Amino acid sequence: MAASTTAPSSTETFWADAERHLVRYGGEFTREIIDRAAGSFLFTADGRKILDFTSGQMSAILGHSHPQIVATVQRQVATLDHLYSGMLSRPVVDLARRLADTLPAPLEKALLLTTGAESNEAAIRMAKLVTGRHEIVSFARSWHGMTQAAASATYSAGRKGYGPGAPGNFAIPVPNVYRPDFTAADGSLDWRRQLDFAFDLIDAQSTGSLAACLVEPILSSGGIIEPPAGYFAALQDKCRERGMLLILDEAQTGLCRTGTWYAFERDGVVPDILTLSKTLGAGLPLAAVVTSAEIEQEAYERGFLFFTTHVADPLVAAVGNTVLDVLTDDKLDERARSLGVFLRQGLADIAGRHEVVGDIRGRGLLAGLELVVDRETKQSSDELGARVTRRCLQLGLHMNIVQLPGMGGVFRIAPPLTATEDELSLGLTILDEAIGDACAVL
C-alpha cells in the first residue's frame with residue numbers, strides 16, 4: 001500500500017503519476033494542473049489565470065464556486081447527503097415540483113438522476129416500455145452519452161470498435177443551414193425536403209417498431225447547429241404520424257443558457273419526454289427526466305425499472321433547488337439574452353477582421369464560430385483549429401473545438417451566465433489575437 005502524502009507532488013511527478021495510473025478517456029489531457037476555480041476563471045498550480053469559456057464541461061452556468069452553491073453543499077452534506085434509493089427527502093420533492101413549475105403542461109413528473117447519459121438512458125428505456133417498441137431515431141451528428149442506449153443514439157463520435165450497438169437505431173441528416181445538403185433554387189437549405197427524405201429512409205428501414213426520436217434542440221458536440229424555425233414542429237408531426245415519442249435532450253441548452261428557460265420554447269413544441277443534466281447541477285452531477293403524468297402512469301403500470309444507486313439523492317437535489325433560486329432571482333434568462341447579443345457582436349467583429357471565420361451561430365450564451373480555410377468553398381482545416389485552440393490556452397483562454405469530418409473547426413463558446421461584459425471582452429480579445437497568430441504561420 002502506497003504511503004499517503006501531505007505535500008503536493010512536483011509537476012514532473014504529477015504528470016508521471018497521471019501517465020502511469022490514469023485511463024485516457026477522450027484524447028490527451030490538457031497540460032495544466034488546475035488548482036482551483038472561481039467565477040469565470042480557473043487557476044493553475046503554477047499561478048496562471050485562465051478564462052473558462054466552456055463553463056467546465058458546458059455545465060457551470062453559475063460560474064465556479066458560486067457562493068450560494070457552496071453554502072448549499074456545506075449545509076446539505078452536513079445534514080443529509082445520500083439515502084437508500086427507495087427513500088425520499090424534501091429537496092427531491094421540492095425540485096421535482098419546481099421543475100414542473102418552469103415547464104409547460106403536461107410535463108410534470110420528474111426522475112432525478114446524475115448525468116446526461118443516464119437521463120437519456122432512462123428516457124429511452126421509458127419510451128421503449130411505454131410504446132412497446134424499440135427503434136430510436138437521432139441526428140447524424142448527435143451526442144447523447146456513452147452508456148449503451150445513449151451511445152447507440154450518438155453519431156458524432158465513439159461508434160467504431162465496440163461491437164454492435166443497441167438494435168434499431170437510425171440516424172437522420174442534420175439541418176445545417178451553413179452546409180446545406182438539400183437545397184432550394186436560391187441555394188438555401190430545403191429542410192422540409194430533407195426531413196421528408198430522411199423519414200422515407202426511416203420508414204424503409206424500420207421493422208415497424210419505431211419508439212422515439214431523441215434529438216438536441218441545438219446540436220452542441222455536432223458543431224453548434226441550430227435547426228431552422230419550424231423544423232421541430234415538423235419533426236414532431238413526423239413522430240405523431242408514426243406513434244413515436246419526441247424526446248428532447250436539453251443537457252446544454254436547458255435552464256436559461258439560450259436566453260429562454262428551455263430552447264424548445266422558440267419552436268412552440270412540447271416534447272413527450274425532456275432530459276436535463278449539466279446545467280441543472282451547475283457543475284455537480286444532477287440530471288432529470290421529465291414527462292407527463294400519462295406517460296409516467298403507463299410506464300409505472302408496465303413495471304418501469306430504473307433503480308440506481310444515486311437516484312433521488314438529496315445532496316444534489318438541494319443544489320438543483322439553489323440553481324433554480326439563482327436563475328430566477330438574478331433573471332439569468334434575460335442576462336443570457338443580453339450578453340448573447342454582446343457576444344455575437346464581438347464574434348462578428350472578429351469575423352470582419354479574419355477571413356478564416358466562416359460562420360457564427362447559436363443562441364444566447366451558446367455560440368459557435370466555425371473556422372474555414374476558404375469562405376467560398378468552406379474548406380476546413382483541422383490544423384488551423386488545433387493551432388488556434390493551443391494559442392488561446394497559451395494566452396489564458398480555455399476554448400473547446402469540435403472537429404468532425406466534413407466540417408471546419410467549430411469553437412463551442414459557452415461562458416457562465418454570470419460572466420460580465422468585461423470577461424466576455426477579454427475572451428474575445430484573446431480569441432482575436434489567437435486567430436491572428438495562427439493565421440500568420442499558415
# chains A, B, ... in the order shown; residues from 1 in each chain; ligands from 1
$ residues_around --residues "Ala153 of chain A" --least-positions-apart "3" --cutoff "9 Å" --atoms "only C-alpha atoms" --output "list in words"
Ile136, Val137, Ser138, Phe139, Ala140, Ser142, Trp143, His144, Gly145, Gln148, Ala149, Ala150, Gly165, Ala166, Asn169, Phe170, Ala171 and Leu214 of chain A
$ closest_atom_pairs --of "segment 167-255 of chain A" --to "segment 95-119 of chain A" --cutoff "10 Å" --atoms "only C-alpha atoms" --output "tab-separated table"
residue	atom	partner	partner_atom	distance
A:Asp249	CA	A:Gly116	CA	8.3
A:Glu250	CA	A:Gly116	CA	9.0
A:Ala251	CA	A:Gly116	CA	6.2
A:Gln252	CA	A:Gly116	CA	9.4
A:Leu255	CA	A:Thr102	CA	9.1
$ write_last_selection --atoms "C-alpha atoms" --output "compact mmCIF listing (two decimals), in the first residue's frame"
# COMPACT_ATOMS: atom_id res chain seq x y z
CA ASP A 249 -32.13 16.40 -24.80
CA GLU A 250 -31.51 19.83 -23.22
CA ALA A 251 -28.35 18.90 -21.35
CA GLN A 252 -26.58 22.01 -22.62
CA LEU A 255 -32.13 26.40 -17.87
$ closest_residue --among "A:Asp190, A:Val373, A:Arg412, A:Gly358" --to "Leu219 of chain A" --atoms "only C-alpha atoms"
A:Arg412
$ select_by_dssp --residues "segment 235-364 of chain A" --states "helix (DSSP H, G or I)" --output "count of residues only"
62
$ closest_residue --among "A:Thr258, A:Thr11, A:Gln403, A:Ser85" --to "Ile34 of chain A" --atoms "only C-alpha atoms"
A:Thr11
